[in-house]
Amino acid sequence: MPRRSRTKQKKGTKMSPVSELSDDLLIEIISRVPFKSTRCCKCVCRRWRDLVSDPDNHKKLPRSILAGFFYKNFSTGRACRCYHSLAGSWGPRIDPSLSFLPTSIYTGVEVLDCCNGLLLCRPWNQIWNYVVCNPAAETWVTMHSEWTDGVSEARLGFDPAVSSHFHVFEFAHPLYWKMNMGRHIESVRIYSAETGVWTRRRPWDQPTAFRGISSSTFLNGVLYVSSYDGFVIAAIDLEGNHSVIPYPTPHTSGAHVFQSRGKLHLANYGPSELSIWALEDSSSETWILKHNTSHLQLFGEKYSLFAQHFSVIVHPEHNMIFILCMKMSSGRKSVTKLMSYEMDSRELHFVCDIPYGCTPRYLPYIMV
């Protein structure tokens with residue numbers, strides 16, 4: 001009797017229409033939901049868990065979430081590192097002071113870069129050392145630089161979908177003056193966390209004119225950096241080889257590089273407009289204009305006074321940007337507002353006010 005009962009129950013149970021879908025079609029559906037929903041899909045059943053965890057499907061699924069951003073605040077007269085969450089209660093609790101670091105380091109560190117959940121820091125009292133830490137997991141490692149002839153720029157490369165090991169890129173002093181050449185970056189050293197060794201690369205045949213690095217992003221094993229005063233992006237691979245990618249338009253007041261949906265993106269600040277470009281093919285340097293809007297269209301009359309000083313952060317998975325815009329109020333105090341902008345609908349939404357005294361640069365904290 002019990003056996004017959006179980007058989008009847010099986011026959012009477014209706015199969016979910018989703019169970020009839022092929023793996024390829026199911027992955028296509030899951031790829032269209034936000035990153036944190038993708039994580040939840042792993043808990044539906046064993047089949048969904050295996051599909052989401054399969055390395056062959058990683059490139060098709062959302063891989064990251066913009067959890068928040070780091071910035072500096074000078075309201076007390078001294079630099080104070082702050083963190084603003086964009087993930088709400090779902091995001092990790094981040095201690096911007098990084099108090100989990102040991103006492104010898106915790107006396108003060110400068111955050112140089114942020115890449116896929118890791119921070120690259122330099123202790124104030126040990127300028128030739130670096131700390132790479134995960135503020136969500138509160139783990140850290142240190143390394144010592146052997147380059148003693150002047151380094152002022154360093155950037156981090158980390159892609160957990162490719163390797164669990166990170167790389168640190170050290171650039172020769174960009175303010176180094178060389179006769180008839182001006183200010184240039186002309187060589188790079190790369191540290192591999194896998195080998196624990198720094199590798200000094202030979203000087204570049206054509207040094208790149210950079211007054212300083214305005215932004216950087218690491219994508220597909222290549223570090224892309226933009227400059228404050230140039231109209232090019234330098235692309236440096238893990239072997240230290242470099243190439244130069246011209247901006248899509250020379251008419252710019254500045255530009256920042258980001259990665260979104262697996263492609264390199266450029267936020268181009270024009271005198272009266274903002275344009276977002278995507279590099280479709282790095283080998284042919286083909287830029288595609290994704291969005292263009294005037295300052296008046298972007299901010300409207302309500303926020304028109306904020307159009308003179310603003311920075312954008314391109315969302316890593318969605319057709320959206322976050323805007324941090326500032327204006328001076330009475331008493332020369334700055335007022336900064338955080339806004340989101342949907343590029344498809346061209347809708348601007350006020351998110352919140354950022355405490356007085358904050359200044360760029362804003363470092364997006366992206367979790368993968």
# chains A, B, ... in the order shown; residues from 1 in each chain; ligands from 1

$ residues_around --residues "Lys290 of chain A" --least-positions-apart "3" --cutoff "10 Å" --atoms "only C-alpha atoms" --output "PyMOL selection string"
chain A and resi 265-266+275-279+287+319+343-344

$ residues_around --residues "Cys80 of chain A" --least-positions-apart "3" --cutoff "10 Å" --atoms "only C-alpha atoms" --output "JSON, numbers by chain"
{"A": [71, 72, 73, 74, 75, 76, 77, 96, 97, 357, 358]}

$ residues_around --residues "Glu170 of chain A" --least-positions-apart "6" --cutoff "7 Å" --atoms "only C-alpha atoms" --output "ChimeraX atom specification"
/A:151,153-155,188-190
